[in-house]
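Participant: One structure coming up, written as structure tokens, with questions to follow.
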Amino acid sequence: MSRSSFKLVCTLVLCLFCGQLFAHNGSIAYAYPLGKIKVDGDLSDWPKETVKYKIAIHPSDTKPKNDADFSGYFQLGYNLSNQSLYVAFTITDDDFIEDTSRNVQWNTQDGLELSIDARHLLSGSGVASFMCSNTLHTINNALNDPFASKANWDMMEVAVSRHGNTRIYESRIQLGKELAVGKSVGFDFHVYDKDSDGSFSWSAWGKGAAKYRNPNSLGDVIFLPANEKLAAISGNINWNQPKTTKLPSLIRFIALDNPKVWTTVEVDSLGNYSALIPAGKYKLSLPDPYFKSEGNVYPTAQKEPVIFVAKAGQKTVAPIFGIAATPVADLVPEKGVLLDYNAATPGQIDHFIETYQDYYGIPGVSLAIIKDGKLLYHKTYGVTNTMTGEKVNDSTLFEAASVTKPVFAFAVERLAERGVIDLDKPLYEYLPYPDIAYDERYKLMTARHVLTHRTGFPNWRTMNKDGKLDLKFTPGTAYNYSGEGFEYLKKVVEKITGKKVEQVLQEEVIAPIGLYHTYFSKNDTLIRVAATGHYDKVPCNKWMPEYPVMASSMHTEAKIFTRFMCYLLEQKGLKPETYNIILSKHSDYPDDVSSQKLKVPTYMGMSLEIRETRWGKTFGHGGNNGDFTCRFEVYKDLKIGYAIFTNSNTSGVLLENLHKFLVEGKDEAQ
């Protein structure tokens, strides 16, 4: 599986479990000072009155059968003298599995992974995650964060002990200056349960997936003085006029007297919430300035701050937090703005892009528009990294994800015209493929099947439970989008040309088209100018492809990529009859290929998506590597097109609406 496909799987999982942007998951724990604690797996030196928090969330598909199968709780406290957070887990598990092999992985044994966001900034900070078991010690570092990037085992002490079906994990995490009385930090974990029947599950304290890197999926721990009494707070979120639309699921308390204390609380379906918090003066807010519900976007900013005072040992009802029931205005015009391009149009385009960035938390954008085979408009927006604030500029490169496919396909089609490769010759005759050799049907597979996604391969083999490559159907008989096919075809191209695929791309695409400042694998320039991808505005560690992946590894930007679009529009580099084949229907999409109903005839050409609109035929392709999403599309008859690249997993609505804003307008009926 390529790193890009792994990232896409991660973001799909993330979307299933994560809530709003920059919102911890609503779970709160309170840490009080401890005496001298020895980290040895013996909890007899812990105070008996230490609160025990139940491990009650089971996000994996496989759930514990009962408490004997898996159950547990944790307790915590801190010590200022060594600036450390102490956490102790007591786990009941009637089937303990320990993998002592050299190939031990996170999912091959029982284990615990602790995740902490020590800086806990409202503006966003990174997670350090520690995998704790007897046979596996690893760390995931958020390299963009000053604390998390330096996390190592010198700051982490852990001991594991077993007593029959009970397992103890006792740990000390040195937080340094990030541990302060009255401060809150992000904290959560996954406890992994492997059983002898092969089943594997994981459990946690609070909601949210990918805790090892996503601060949104963590709960909050507040460091309190000894014996401090908490204040009981309750309240309600509601629309400012009657409305049945689903309400936000989280609300945030921000201490006005101590900006280092903020926490997030769960809200029920009726808008009610309650929590115990330190005494003080607080402001209420939602985690994001815009709330998305049932396809609409609602502003959450308040005309006047919603403030309350929490008194120790008392119950307080906070003022109602009202949300404007009227969604923001629809920015898609009746008629696309490019159809009557004038001096005001660039400002309209900028307003559209920047507003969608605000609505959906999209850090950076590179946009370019062509008309009559020439660049009409180009601009970059936002930042390459939400933590560093570095601006996107003309040199910033974005992961192009699956937009790589039509670029590689163009090179293959040029080779085919010269007879270097026969698109209809079985690929195994050029190069047998041991990974699928056990299934004789693979010998029917051709390059044309790859370029039209009719190989029978899955998208990526790791999407199969056994992680092995297989055929879902006989090659050529159906459609199934597949990156695996492009990887096989890449190997074939390298075999028959005797060249590395990047040299082939240079000769067939980059040099003829002038597609410079485009790269397919790691190099010094790419390291310097590549944007950082984001999940829910949280920067990811930069991924640099060590080798070219023809399904997903291209890095480029919108302005330079328009050269490829114009080349196709003007039908250069290939024979007219080849272009006719490329832009003809090869496969209908299955009904479930898109979350949106296809309002116009849409199908797969040869590595290009074709739409038949009232403005004529369009060709293009989208890309999604998880933390990068992008799209390009060209209106063949109008000779208009656009390319947009973003460094975010939240750009879907922007990409879906951009063609409406630019060309098609609100009414897409045919």
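All residue names refer to the structure tokens as shown: chains lettered A, B, ... in order, residues numbered from 1 in each chain, ligands numbered from 1 in order.
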Fewer than 3 positions away in the same chain doesn't count, so skip those; otherwise give me all residues within 12 Å of Pro215 (chain A), counting only C-alpha atoms, as a PyMOL selection string.
Facilitator: chain A and resi 14+18-26+115-129+142+145+148+185-189+206-212+218-220+535-540
Participant: Neighbouring residues of Leu655 (chain A) were defined as those with any atom within 10 Å, considering only C-alpha atoms; residues of the same chain fewer than 3 positions away were excluded. Please report them as a list in words.
Facilitator: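 My reading of the contact set: Tyr356, Gly622, Thr629, Cys630, Arg631, Phe632, Ala643, Ile644, Phe645, Thr646, Thr650, Ser651, Gly652, Leu658, His659 and Lys660 of chain A.
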Participant: Within region 193-424 of chain A, find each residue whose DSSP state, derived from the backbone, is helix (DSSP H, G or I), and express the selection as a ChimeraX atom specification.
Facilitator: /A:215-217,337-340,345-360,401-417
Participant: Pick out each residue of region 206-299 of chain A that DSSP on the backbone tags as strand (DSSP E or B); I need them as a ChimeraX atom specification.
Facilitator: /A:219-223,231-239,250-255,262-266,272-277,280-285,290-293,296-299
Participant: Residues near region 61-70 of chain A, anyone? I mean within 6 Å using only C-alpha atoms, not counting same-chain ones fewer than 6 positions away, as a PDB file with C-alpha atoms, in the first residue's frame.
Facilitator:
```
ATOM      1  CA  THR A  92      -9.227  -6.945  33.021  1.00  0.00           C
ATOM      2  CA  ASP A  93      -8.551  -9.286  30.097  1.00  0.00           C
ATOM      3  CA  ASP A  94      -9.178 -13.031  30.139  1.00  0.00           C
ATOM      4  CA  SER A 201     -10.322  -4.480  19.190  1.00  0.00           C
TER       5      SER A 201
END
```
Participant: Considering only C-alpha atoms, can you say which of A:Glu334, A:Tyr298, A:Ile369, A:Cys132 comes closest to Trp239 (chain A)?
Facilitator: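 Between A:Glu334, A:Tyr298, A:Ile369, A:Cys132, the residue approaching Trp239 (chain A) most closely is A:Tyr298.
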Participant: Which is closest to Gly336 (chain A) among A:Gln348, A:Asn82, A:Asn134, A:Gln506, if we use only C-alpha atoms?
Facilitator: A:Gln348
Participant: Report as a PyMOL selection string all protein, DNA and RNA residues lying within 12 Å of Ser587 (chain A), evaluated on only C-alpha atoms, omitting residues in the same chain fewer than 5 positions from it.
Facilitator: chain A and resi 448-449+451-455+476-481+582+601-610
Participant: Nearest to Pro475 (chain A) among A:Arg252, A:His555, A:Lys666, A:Arg441, with distances taken over only C-alpha atoms: which residue is it?
Facilitator: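 Under the stated criterion, the closest residue is A:Arg441.
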Participant: Got a sec: who's within 10 Å of Val504 (chain A), counting only C-alpha atoms, leaving out chain neighbours fewer than 4 positions off, as a list in words?
Facilitator: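 Neighbouring residues, sequence-local ones excluded: Phe408, Ala411, Val412, Leu415, Val493, Glu494, Thr497, Gly498, Lys499, Lys500, Glu508, Val509 and Ile510 of chain A.
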Participant: Please, could you write that set of residues out with all heavy atoms as an mmCIF file, in the first residue's frame?
Facilitator:
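The resulting selection.cif:
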```
data_model
loop_
_atom_site.group_PDB
_atom_site.id
_atom_site.type_symbol
_atom_site.label_atom_id
_atom_site.label_comp_id
_atom_site.auth_asym_id
_atom_site.auth_seq_id
_atom_site.Cartn_x
_atom_site.Cartn_y
_atom_site.Cartn_z
ATOM 1 N N PHE A 408 0.401 10.176 -15.948
ATOM 2 C CA PHE A 408 1.071 8.926 -16.314
ATOM 3 C C PHE A 408 0.390 8.283 -17.519
ATOM 4 O O PHE A 408 1.062 7.770 -18.432
ATOM 5 C CB PHE A 408 1.051 7.973 -15.120
ATOM 6 C CG PHE A 408 1.602 6.602 -15.418
ATOM 7 C CD1 PHE A 408 2.903 6.427 -15.843
ATOM 8 C CD2 PHE A 408 0.801 5.468 -15.264
ATOM 9 C CE1 PHE A 408 3.412 5.159 -16.111
ATOM 10 C CE2 PHE A 408 1.297 4.203 -15.527
ATOM 11 C CZ PHE A 408 2.604 4.045 -15.950
ATOM 12 N N ALA A 411 1.606 9.636 -20.765
ATOM 13 C CA ALA A 411 2.900 9.078 -21.173
ATOM 14 C C ALA A 411 2.726 7.702 -21.798
ATOM 15 O O ALA A 411 3.345 7.376 -22.829
ATOM 16 C CB ALA A 411 3.829 9.001 -19.958
ATOM 17 N N VAL A 412 1.877 6.867 -21.193
ATOM 18 C CA VAL A 412 1.641 5.518 -21.724
ATOM 19 C C VAL A 412 1.007 5.594 -23.107
ATOM 20 O O VAL A 412 1.364 4.826 -24.024
ATOM 21 C CB VAL A 412 0.756 4.716 -20.750
ATOM 22 C CG1 VAL A 412 0.376 3.361 -21.356
ATOM 23 C CG2 VAL A 412 1.471 4.508 -19.418
ATOM 24 N N LEU A 415 3.604 6.325 -25.653
ATOM 25 C CA LEU A 415 4.383 5.114 -25.934
ATOM 26 C C LEU A 415 3.607 4.167 -26.836
ATOM 27 O O LEU A 415 4.175 3.532 -27.746
ATOM 28 C CB LEU A 415 4.738 4.409 -24.621
ATOM 29 C CG LEU A 415 5.685 5.138 -23.659
ATOM 30 C CD1 LEU A 415 5.826 4.341 -22.366
ATOM 31 C CD2 LEU A 415 7.053 5.365 -24.301
ATOM 32 N N VAL A 493 6.038 -0.637 -17.764
ATOM 33 C CA VAL A 493 6.653 0.437 -18.558
ATOM 34 C C VAL A 493 8.153 0.484 -18.316
ATOM 35 O O VAL A 493 8.951 0.646 -19.259
ATOM 36 C CB VAL A 493 5.987 1.786 -18.223
ATOM 37 C CG1 VAL A 493 6.813 2.954 -18.774
ATOM 38 C CG2 VAL A 493 4.571 1.830 -18.778
ATOM 39 N N GLU A 494 8.561 0.349 -17.060
ATOM 40 C CA GLU A 494 9.992 0.377 -16.770
ATOM 41 C C GLU A 494 10.702 -0.824 -17.399
ATOM 42 O O GLU A 494 11.840 -0.699 -17.883
ATOM 43 C CB GLU A 494 10.208 0.399 -15.252
ATOM 44 C CG GLU A 494 9.800 1.718 -14.609
ATOM 45 C CD GLU A 494 10.085 1.777 -13.119
ATOM 46 O OE1 GLU A 494 10.029 0.703 -12.459
ATOM 47 O OE2 GLU A 494 10.369 2.876 -12.610
ATOM 48 N N THR A 497 10.785 -0.279 -21.439
ATOM 49 C CA THR A 497 11.581 0.862 -21.897
ATOM 50 C C THR A 497 13.016 0.789 -21.405
ATOM 51 O O THR A 497 13.903 1.453 -21.962
ATOM 52 C CB THR A 497 10.977 2.191 -21.408
ATOM 53 O OG1 THR A 497 10.992 2.217 -19.973
ATOM 54 C CG2 THR A 497 9.559 2.367 -21.931
ATOM 55 N N GLY A 498 13.235 0.001 -20.344
ATOM 56 C CA GLY A 498 14.563 -0.048 -19.757
ATOM 57 C C GLY A 498 14.917 1.239 -19.020
ATOM 58 O O GLY A 498 16.099 1.509 -18.765
ATOM 59 N N LYS A 499 13.915 2.041 -18.687
ATOM 60 C CA LYS A 499 14.132 3.327 -18.020
ATOM 61 C C LYS A 499 13.289 3.401 -16.751
ATOM 62 O O LYS A 499 12.228 2.799 -16.668
ATOM 63 C CB LYS A 499 13.733 4.488 -18.942
ATOM 64 C CG LYS A 499 14.444 4.513 -20.278
ATOM 65 C CD LYS A 499 13.841 5.572 -21.193
ATOM 66 C CE LYS A 499 14.492 5.553 -22.578
ATOM 67 N NZ LYS A 499 13.837 6.528 -23.497
ATOM 68 N N LYS A 500 13.752 4.177 -15.799
ATOM 69 C CA LYS A 500 12.943 4.474 -14.639
ATOM 70 C C LYS A 500 11.746 5.310 -15.075
ATOM 71 O O LYS A 500 11.839 6.104 -16.017
ATOM 72 C CB LYS A 500 13.755 5.231 -13.579
ATOM 73 C CG LYS A 500 14.877 4.405 -12.965
ATOM 74 C CD LYS A 500 14.316 3.220 -12.172
ATOM 75 C CE LYS A 500 15.407 2.458 -11.468
ATOM 76 N NZ LYS A 500 14.876 1.285 -10.713
ATOM 77 N N GLU A 508 8.276 12.092 -21.993
ATOM 78 C CA GLU A 508 6.967 12.039 -22.662
ATOM 79 C C GLU A 508 6.001 13.143 -22.222
ATOM 80 O O GLU A 508 5.066 13.464 -22.947
ATOM 81 C CB GLU A 508 6.312 10.676 -22.405
ATOM 82 C CG GLU A 508 7.145 9.476 -22.798
ATOM 83 C CD GLU A 508 7.438 9.436 -24.294
ATOM 84 O OE1 GLU A 508 6.666 10.041 -25.079
ATOM 85 O OE2 GLU A 508 8.449 8.804 -24.681
ATOM 86 N N VAL A 509 6.219 13.713 -21.032
ATOM 87 C CA VAL A 509 5.250 14.679 -20.498
ATOM 88 C C VAL A 509 5.925 15.978 -20.065
ATOM 89 O O VAL A 509 5.585 17.056 -20.567
ATOM 90 C CB VAL A 509 4.477 14.085 -19.294
ATOM 91 C CG1 VAL A 509 3.407 15.063 -18.816
ATOM 92 C CG2 VAL A 509 3.851 12.753 -19.645
ATOM 93 N N ILE A 510 6.863 15.891 -19.144
ATOM 94 C CA ILE A 510 7.422 17.097 -18.530
ATOM 95 C C ILE A 510 8.083 18.004 -19.572
ATOM 96 O O ILE A 510 7.765 19.196 -19.666
ATOM 97 C CB ILE A 510 8.442 16.733 -17.427
ATOM 98 C CG1 ILE A 510 7.799 15.821 -16.372
ATOM 99 C CG2 ILE A 510 9.001 18.003 -16.783
ATOM 100 C CD1 ILE A 510 6.609 16.408 -15.674
#
```
Participant: If you measure from CA of Val297 (chain A) to CA of Tyr359 (chain A), what distance in Å do you get, rounded to one decimal?
Facilitator: 7.1 Å
Participant: Return the single residue from A:Ala226, A:Ile581, A:Leu515, A:Leu489 that is closest to Pro432 (chain A), with distances computed using only C-alpha atoms.
Facilitator: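 Nearest candidate to Pro432 (chain A) out of A:Ala226, A:Ile581, A:Leu515, A:Leu489: A:Leu489.
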Participant: So which residues touch region 304-311 of chain A within 10 Å, counting only C-alpha atoms, skipping near sequence neighbours fewer than 5 positions away, as a JSON list (two decimals) with all heavy atoms, in the first residue's frame?
Facilitator:
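Output saved as part13.json:
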```
[["chain", "number", "residue", "atom", "x", "y", "z"],
["A", 229, "LYS", "N", -12.23, 22.49, 45.43],
["A", 229, "LYS", "CA", -13.61, 22.15, 45.09],
["A", 229, "LYS", "C", -13.94, 22.68, 43.70],
["A", 229, "LYS", "O", -13.53, 23.78, 43.33],
["A", 229, "LYS", "CB", -14.57, 22.76, 46.12],
["A", 229, "LYS", "CG", -14.50, 22.11, 47.49],
["A", 229, "LYS", "CD", -15.57, 22.69, 48.41],
["A", 229, "LYS", "CE", -15.54, 22.00, 49.78],
["A", 229, "LYS", "NZ", -16.58, 22.56, 50.68],
["A", 230, "LEU", "N", -14.69, 21.89, 42.97],
["A", 230, "LEU", "CA", -15.08, 22.27, 41.62],
["A", 230, "LEU", "C", -16.45, 22.93, 41.62],
["A", 230, "LEU", "O", -17.22, 22.82, 42.58],
["A", 230, "LEU", "CB", -15.09, 21.04, 40.72],
["A", 230, "LEU", "CG", -13.72, 20.36, 40.53],
["A", 230, "LEU", "CD1", -13.88, 19.03, 39.83],
["A", 230, "LEU", "CD2", -12.77, 21.26, 39.76],
["A", 231, "ALA", "N", -16.74, 23.60, 40.53],
["A", 231, "ALA", "CA", -18.05, 24.23, 40.34],
["A", 231, "ALA", "C", -18.85, 23.38, 39.36],
["A", 231, "ALA", "O", -18.31, 22.88, 38.36],
["A", 231, "ALA", "CB", -17.87, 25.64, 39.80],
["A", 232, "ALA", "N", -20.13, 23.21, 39.64],
["A", 232, "ALA", "CA", -21.02, 22.45, 38.76],
["A", 232, "ALA", "C", -21.71, 23.42, 37.80],
["A", 232, "ALA", "O", -22.39, 24.36, 38.24],
["A", 232, "ALA", "CB", -22.05, 21.69, 39.58],
["A", 233, "ILE", "N", -21.52, 23.20, 36.53],
["A", 233, "ILE", "CA", -22.09, 24.07, 35.50],
["A", 233, "ILE", "C", -23.02, 23.27, 34.62],
["A", 233, "ILE", "O", -22.73, 22.14, 34.22],
["A", 233, "ILE", "CB", -20.97, 24.69, 34.63],
["A", 233, "ILE", "CG1", -20.00, 25.48, 35.50],
["A", 233, "ILE", "CG2", -21.56, 25.60, 33.56],
["A", 233, "ILE", "CD1", -20.61, 26.64, 36.23],
["A", 253, "PHE", "N", -15.47, 25.83, 27.12],
["A", 253, "PHE", "CA", -15.36, 26.78, 28.22],
["A", 253, "PHE", "C", -13.93, 27.35, 28.18],
["A", 253, "PHE", "O", -12.96, 26.60, 28.28],
["A", 253, "PHE", "CB", -15.54, 26.11, 29.58],
["A", 253, "PHE", "CG", -16.91, 25.50, 29.81],
["A", 253, "PHE", "CD1", -17.15, 24.75, 30.95],
["A", 253, "PHE", "CD2", -17.95, 25.68, 28.92],
["A", 253, "PHE", "CE1", -18.40, 24.20, 31.19],
["A", 253, "PHE", "CE2", -19.20, 25.13, 29.14],
["A", 253, "PHE", "CZ", -19.43, 24.38, 30.29],
["A", 254, "ILE", "N", -13.81, 28.67, 28.09],
["A", 254, "ILE", "CA", -12.49, 29.32, 28.08],
["A", 254, "ILE", "C", -12.39, 30.20, 29.31],
["A", 254, "ILE", "O", -13.20, 31.12, 29.51],
["A", 254, "ILE", "CB", -12.31, 30.18, 26.81],
["A", 254, "ILE", "CG1", -12.50, 29.32, 25.55],
["A", 254, "ILE", "CG2", -10.93, 30.83, 26.80],
["A", 254, "ILE", "CD1", -12.53, 30.11, 24.27],
["A", 255, "ALA", "N", -11.42, 29.93, 30.18],
["A", 255, "ALA", "CA", -11.24, 30.71, 31.41],
["A", 255, "ALA", "C", -10.70, 32.09, 31.06],
["A", 255, "ALA", "O", -9.67, 32.21, 30.40],
["A", 255, "ALA", "CB", -10.31, 29.98, 32.37],
["A", 256, "LEU", "N", -11.39, 33.14, 31.49],
["A", 256, "LEU", "CA", -10.95, 34.50, 31.20],
["A", 256, "LEU", "C", -9.85, 34.95, 32.15],
["A", 256, "LEU", "O", -9.04, 35.82, 31.81],
["A", 256, "LEU", "CB", -12.14, 35.45, 31.28],
["A", 256, "LEU", "CG", -13.24, 35.20, 30.24],
["A", 256, "LEU", "CD1", -14.39, 36.19, 30.43],
["A", 256, "LEU", "CD2", -12.69, 35.29, 28.82],
["A", 276, "LEU", "N", -18.16, 19.65, 35.56],
["A", 276, "LEU", "CA", -17.49, 20.17, 36.74],
["A", 276, "LEU", "C", -16.22, 20.86, 36.28],
["A", 276, "LEU", "O", -15.42, 20.28, 35.54],
["A", 276, "LEU", "CB", -17.15, 19.03, 37.70],
["A", 276, "LEU", "CG", -18.33, 18.28, 38.33],
["A", 276, "LEU", "CD1", -17.82, 17.09, 39.13],
["A", 276, "LEU", "CD2", -19.15, 19.21, 39.22],
["A", 277, "ILE", "N", -16.04, 22.11, 36.70],
["A", 277, "ILE", "CA", -14.88, 22.89, 36.25],
["A", 277, "ILE", "C", -14.33, 23.69, 37.43],
["A", 277, "ILE", "O", -15.03, 23.91, 38.42],
["A", 277, "ILE", "CB", -15.23, 23.84, 35.09],
["A", 277, "ILE", "CG1", -16.34, 24.81, 35.52],
["A", 277, "ILE", "CG2", -15.63, 23.05, 33.86],
["A", 277, "ILE", "CD1", -16.66, 25.85, 34.47],
["A", 278, "PRO", "N", -13.07, 24.13, 37.35],
["A", 278, "PRO", "CA", -12.54, 24.98, 38.41],
["A", 278, "PRO", "C", -13.31, 26.29, 38.51],
["A", 278, "PRO", "O", -13.87, 26.78, 37.52],
["A", 278, "PRO", "CB", -11.09, 25.24, 37.97],
["A", 278, "PRO", "CG", -10.78, 24.13, 37.02],
["A", 278, "PRO", "CD", -12.05, 23.81, 36.33],
["A", 279, "ALA", "N", -13.37, 26.87, 39.69],
["A", 279, "ALA", "CA", -14.04, 28.15, 39.87],
["A", 279, "ALA", "C", -13.36, 29.23, 39.03],
["A", 279, "ALA", "O", -12.16, 29.20, 38.80],
["A", 279, "ALA", "CB", -14.02, 28.54, 41.35],
["A", 280, "GLY", "N", -14.16, 30.18, 38.57],
["A", 280, "GLY", "CA", -13.60, 31.27, 37.79],
["A", 280, "GLY", "C", -14.61, 31.86, 36.82],
["A", 280, "GLY", "O", -15.77, 31.46, 36.78],
["A", 281, "LYS", "N", -14.13, 32.80, 36.04],
["A", 281, "LYS", "CA", -14.96, 33.47, 35.04],
["A", 281, "LYS", "C", -14.67, 32.86, 33.68],
["A", 281, "LYS", "O", -13.50, 32.75, 33.28],
["A", 281, "LYS", "CB", -14.64, 34.97, 35.05],
["A", 281, "LYS", "CG", -15.60, 35.83, 34.22],
["A", 281, "LYS", "CD", -15.23, 37.31, 34.39],
["A", 281, "LYS", "CE", -16.20, 38.21, 33.65],
["A", 281, "LYS", "NZ", -15.84, 39.65, 33.81],
["A", 282, "TYR", "N", -15.72, 32.49, 32.96],
["A", 282, "TYR", "CA", -15.56, 31.76, 31.70],
["A", 282, "TYR", "C", -16.36, 32.41, 30.57],
["A", 282, "TYR", "O", -17.41, 33.02, 30.81],
["A", 282, "TYR", "CB", -16.03, 30.32, 31.84],
["A", 282, "TYR", "CG", -15.15, 29.46, 32.70],
["A", 282, "TYR", "CD1", -15.30, 29.44, 34.08],
["A", 282, "TYR", "CD2", -14.17, 28.65, 32.13],
["A", 282, "TYR", "CE1", -14.49, 28.65, 34.88],
["A", 282, "TYR", "CE2", -13.36, 27.86, 32.92],
["A", 282, "TYR", "CZ", -13.52, 27.85, 34.30],
["A", 282, "TYR", "OH", -12.72, 27.06, 35.08],
["A", 283, "LYS", "N", -15.86, 32.18, 29.37],
["A", 283, "LYS", "CA", -16.60, 32.55, 28.15],
["A", 283, "LYS", "C", -16.97, 31.27, 27.43],
["A", 283, "LYS", "O", -16.16, 30.34, 27.33],
["A", 283, "LYS", "CB", -15.74, 33.43, 27.24],
["A", 283, "LYS", "CG", -16.45, 33.85, 25.95],
["A", 283, "LYS", "CD", -15.59, 34.75, 25.09],
["A", 283, "LYS", "CE", -14.50, 33.97, 24.38],
["A", 283, "LYS", "NZ", -13.77, 34.79, 23.38],
["A", 284, "LEU", "N", -18.19, 31.21, 26.92],
["A", 284, "LEU", "CA", -18.64, 30.08, 26.13],
["A", 284, "LEU", "C", -18.39, 30.34, 24.65],
["A", 284, "LEU", "O", -18.56, 31.47, 24.17],
["A", 284, "LEU", "CB", -20.14, 29.83, 26.32],
["A", 284, "LEU", "CG", -20.61, 29.29, 27.67],
["A", 284, "LEU", "CD1", -22.13, 29.19, 27.67],
["A", 284, "LEU", "CD2", -20.00, 27.92, 27.94],
["A", 285, "SER", "N", -17.99, 29.31, 23.95],
["A", 285, "SER", "CA", -17.88, 29.41, 22.49],
["A", 285, "SER", "C", -18.04, 28.03, 21.90],
["A", 285, "SER", "O", -17.94, 27.02, 22.60],
["A", 285, "SER", "CB", -16.53, 30.00, 22.08],
["A", 285, "SER", "OG", -15.49, 29.05, 22.24],
["A", 316, "THR", "N", -24.21, 26.33, 38.97],
["A", 316, "THR", "CA", -24.47, 27.53, 38.18],
["A", 316, "THR", "C", -25.08, 27.13, 36.85],
["A", 316, "THR", "O", -24.63, 26.17, 36.21],
["A", 316, "THR", "CB", -23.16, 28.31, 37.92],
["A", 316, "THR", "OG1", -22.60, 28.69, 39.18],
["A", 316, "THR", "CG2", -23.42, 29.55, 37.08],
["A", 317, "VAL", "N", -26.11, 27.85, 36.44],
["A", 317, "VAL", "CA", -26.71, 27.66, 35.11],
["A", 317, "VAL", "C", -26.18, 28.77, 34.20],
["A", 317, "VAL", "O", -26.39, 29.96, 34.48],
["A", 317, "VAL", "CB", -28.24, 27.69, 35.17],
["A", 317, "VAL", "CG1", -28.82, 27.54, 33.76],
["A", 317, "VAL", "CG2", -28.76, 26.58, 36.08],
["A", 318, "ALA", "N", -25.48, 28.39, 33.17],
["A", 318, "ALA", "CA", -24.90, 29.36, 32.25],
["A", 318, "ALA", "C", -25.98, 29.96, 31.36],
["A", 318, "ALA", "O", -27.02, 29.32, 31.10],
["A", 318, "ALA", "CB", -23.83, 28.69, 31.40],
["A", 319, "PRO", "N", -25.80, 31.17, 30.85],
["A", 319, "PRO", "CA", -26.75, 31.75, 29.90],
["A", 319, "PRO", "C", -26.89, 30.86, 28.66],
["A", 319, "PRO", "O", -25.95, 30.15, 28.28],
["A", 319, "PRO", "CB", -26.13, 33.10, 29.55],
["A", 319, "PRO", "CG", -25.17, 33.39, 30.65],
["A", 319, "PRO", "CD", -24.67, 32.07, 31.12],
["A", 320, "ILE", "N", -28.05, 30.90, 28.04],
["A", 320, "ILE", "CA", -28.26, 30.11, 26.82],
["A", 320, "ILE", "C", -27.32, 30.61, 25.73],
["A", 320, "ILE", "O", -27.13, 31.81, 25.53],
["A", 320, "ILE", "CB", -29.73, 30.22, 26.35],
["A", 320, "ILE", "CG1", -30.65, 29.48, 27.33],
["A", 320, "ILE", "CG2", -29.89, 29.66, 24.94],
["A", 320, "ILE", "CD1", -32.12, 29.59, 27.00],
["A", 321, "PHE", "N", -26.72, 29.66, 25.04],
["A", 321, "PHE", "CA", -25.86, 29.98, 23.91],
["A", 321, "PHE", "C", -26.70, 29.86, 22.64],
["A", 321, "PHE", "O", -27.05, 28.75, 22.22],
["A", 321, "PHE", "CB", -24.66, 29.02, 23.86],
["A", 321, "PHE", "CG", -23.59, 29.42, 22.88],
["A", 321, "PHE", "CD1", -22.49, 30.15, 23.29],
["A", 321, "PHE", "CD2", -23.68, 29.07, 21.54],
["A", 321, "PHE", "CE1", -21.50, 30.52, 22.40],
["A", 321, "PHE", "CE2", -22.70, 29.42, 20.64],
["A", 321, "PHE", "CZ", -21.60, 30.16, 21.07],
["A", 322, "GLY", "N", -27.07, 30.99, 22.06],
["A", 322, "GLY", "CA", -27.95, 30.97, 20.89],
["A", 322, "GLY", "C", -27.17, 31.00, 19.58],
["A", 322, "GLY", "O", -26.19, 31.71, 19.44]]
```
Participant: Set the distance at 10 Å and use only C-alpha atoms: which residues neighbour region 456-462 of chain A once local chain neighbours fewer than 3 positions away are removed? I'd like the list as a ChimeraX atom specification.
Facilitator: /A:1-2,5-6,9,436,441-442,445,449-450,453,465-486,551
Participant: At what distance in Å, to one decimal, does CA of Glu266 (chain A) lie from CA of Leu85 (chain A)?
Facilitator: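 Result for CA of Leu85 (chain A) versus CA of Glu266 (chain A): 24.5 Å, one decimal.
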